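**Q** Below is a structure I'd like to ask you about.
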Amino acid sequence: MNYNKIRTGRIIFFVLAVLSLGSCSDYLEEEPYGEPTEENFYKTESDAQQALTAAYYPMREMFSTQNFGATTASDFIFGDIGTDDILKGGARSSDGPHLFEKQNYNLTTSNPAVANIWKVNYKGILYANLVLEKVQGIEFEDEGLKTRILAEANFLRAYYYFDLVNTFGGVPLIEMSLEAGEYNQPRASKEETYAFIENDLEKAIEDLPSRFEMGQEYLGHADKGAALGLMMRVSLYQNKMDQVRLYGEQILQLAYSLPNFDDIFEPAGEWNSGSVFEIDFSSNSDFLGGRIPHMLQPRNQGGIGFSQIKDGLRDEFDTNDPRFESSFYNVEGNYGTNWYNRKYSLAPHSNYQRPNVGGAGNNPHNIRFIRLADVYLMYAEAIYNEDPALAREYVNKVRTRARGENSNSIVPNLDSTLSGEDLLDAIYKERRLELAGEGLRYHDLVRTDRAETILAPLGFKEGINEIMPIPFEQVSLSDGVLEQNNGY
């Protein structure tokens with residue numbers, strides 16, 4: 001693949017592992033760079049690019065081989081387990097017991113997966129802050145490159161804070177690297193945290209070109225479309241529907257198009273015409289291969305078997321909806337007959353054996369973080385009341401693509417009179433079908449105030465389980481400055 005080459009390396013600068021940035025390949029190759037210090041680093045354009053690549057590293061770590069605990073805490077595991085769609089799975093309770101806490105809504109403050117969400121995201125924030133602080137002082141021959149590097153750092157900091165605010169509510173807002181004695185920062189409010197995220201994304205939207213302007217060699221970098229898509233999601237989670245519409249109208253002007261659904265999650269489907277943002281992986285590095293496929297693969301096929309599909313989700317699909325077979329598959333084995341997530345498993349649509357270069361725990365399968373279909377459905381949700389005809393049009397774009405070459409009796413268009421709450425319910429259902437197993441169900445239920453009704457039978461407690469506990473270790477290290485969330 002002719003994608004950007006990101007080479008892994010270490011720079012011993014406090015806790016910063018700096019990775020160098022090159023071009024023309026999707027692969028990541030380990031390459032040592034000695035031991036730079038703050039005094040002799042951050043001098044050149046190359047230094048700035050290395051620091052930027054370091055800021056991408058924690059994003060990958062959350063899904064990678066290096067950190068098993070963090071991977072199980074990623075939204076592609078935590079974002080679905082405990083909902084009406086997904087069971088924790090595995091062969092026994094000893095397989096990821098911390099996931100049982102999530103499934104049963106009895107998370108403890110010592111849960112290692114929750115602790116990793118905090119640690120990995122704040123690592124990313126540290127790295128992004130260093131780029132924003134240090135790169136400003138570097139002289140560039142190409143000022144446009146400097147502007148893009150800083151804008152990417154704004155995007156990354158927003159990404160990490162968005163994961164934190166969705167997990168914990170308001171969190172400490174760290175805008176720059178801290179000196180000794182400054183580490184114990186109080187939590188900002190949820191509203192303040194979201195405002196900080198939006199400010200970073202506004203800068204990214206303004207200064208980043210689109211991927212269609214940047215070219216193939218920059219795939220894997222944040223671009224204008226990624227920033228707009230993340231801003232739509234940030235706005236949606238706050239119920240700021242006017243903003244969702246505003247940013248949706250901008251992203252719809254870019255040259256995205258819906259690909260064949262069956263191809264999206266295949267290796268050849270990486271960075272397809274409907275990929276707004278992906279998190280890149282490669283099997284060429286011990287640290288930046290993805291572990292999600294291994295976790296979703298059934299036990300009798302060498303995986304762990306997490307995230308098994310519940311009957312309620314399968315039954316939600318129309319009998320002949322082609323997305324069903326592209327999303328799930330059935331395996332009979334030592335642990336009974338279960339249904340598994342095909343999108344991020346190693347199994348393809350035909351013979352259950354996707355290429356697994358580098359080993360099951362070091363897979364090059366990219367995470368499709370924001371897809372055009374999601375953008376269409378967010379946009380439809382934002383305008384359903386004001387412009388039901390246009391909302392139906394965008395839902396129907398998703399459904400038309402889903403049925404492919406089949407007749408309109410397969411995944412038919414929405415009724416042309418559908419409006420109001422009935423239309424909103426249809427949009428909610430379409431999100432459940434189109435985005436099944438992609439880590440969004442829990443957040444969709446919480447943000448739309450449906451979690452109490454739908455998840456209460458599973459143990460969800462309103463006023464508590466919308467967010468997770470602040471890790472005990474962090475509260476303890478803060479000398480009581482960090483306040484624990486209600487109910488924990």
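All residue names refer to the structure tokens as shown: chains lettered A, B, ... in order, residues numbered from 1 in each chain, ligands numbered from 1 in order.
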Report as a list in words all protein, DNA and RNA residues lying within 12 Å of Ser476 (chain A), evaluated on only C-alpha atoms, omitting residues in the same chain fewer than 5 positions from it.
**A**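 Once the adjacent positions are removed, what remains is Thr109, Ser110, Asn184, Ile470, Pro471, Val481, Leu482, Glu483 and Gln484 of chain A.
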**Q** Could you pull out the residues in region 194-232 of chain A that DSSP calls alpha helix (DSSP H) from the backbone, as number ranges by chain?
**A** A: 194-207, 211-214, 224-232
**Q** Once you have the residues from the selection above, write them out as a JSON list (two decimals), in the first residue's frame, restricted to C-alpha atoms.
**A**
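What follows is the written file result-v8.json:
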```
[["chain", "number", "residue", "atom", "x", "y", "z"],
["A", 194, "TYR", "CA", -16.24, 20.13, 25.94],
["A", 195, "ALA", "CA", -15.55, 23.83, 25.32],
["A", 196, "PHE", "CA", -11.81, 23.11, 25.39],
["A", 197, "ILE", "CA", -12.27, 20.27, 22.89],
["A", 198, "GLU", "CA", -14.32, 22.45, 20.56],
["A", 199, "ASN", "CA", -11.70, 25.20, 20.66],
["A", 200, "ASP", "CA", -8.98, 22.75, 19.60],
["A", 201, "LEU", "CA", -11.14, 21.35, 16.82],
["A", 202, "GLU", "CA", -12.00, 24.81, 15.51],
["A", 203, "LYS", "CA", -8.28, 25.46, 15.07],
["A", 204, "ALA", "CA", -7.81, 22.10, 13.36],
["A", 205, "ILE", "CA", -10.74, 22.69, 10.99],
["A", 206, "GLU", "CA", -9.41, 26.11, 10.05],
["A", 207, "ASP", "CA", -5.82, 25.08, 9.38],
["A", 211, "ARG", "CA", -7.15, 14.47, 2.56],
["A", 212, "PHE", "CA", -8.11, 15.04, -1.07],
["A", 213, "GLU", "CA", -5.73, 18.03, -1.10],
["A", 214, "MET", "CA", -2.98, 16.36, 0.93],
["A", 224, "LYS", "CA", -10.04, 18.74, 7.67],
["A", 225, "GLY", "CA", -12.60, 15.96, 7.17],
["A", 226, "ALA", "CA", -11.42, 14.15, 10.30],
["A", 227, "ALA", "CA", -11.66, 17.35, 12.35],
["A", 228, "LEU", "CA", -15.14, 18.10, 10.98],
["A", 229, "GLY", "CA", -16.30, 14.55, 11.64],
["A", 230, "LEU", "CA", -15.00, 14.58, 15.20],
["A", 231, "MET", "CA", -16.60, 17.98, 15.77],
["A", 232, "MET", "CA", -19.93, 16.54, 14.59]]
```
**Q** How many Å lie between CA of Ala188 (chain A) and CA of Thr53 (chain A), rounded to one decimal?
**A**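 One can read the CA of Ala188 (chain A) to CA of Thr53 (chain A) distance as 28.0 Å.
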**Q** Point out the residue among A:Pro364, A:Gly437, A:Pro457, A:Gly420 with the least atom-to-atom distance to Arg314 (chain A), counting only C-alpha atoms.
**A**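 Comparing A:Pro364, A:Gly437, A:Pro457, A:Gly420 against Arg314 (chain A), the winner is A:Gly437.
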**Q** Just the number, please: distance in Å from CA of Val171 (chain A) to CA of Pro186 (chain A), one decimal.
**A**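 A separation of 7.6 Å between them.
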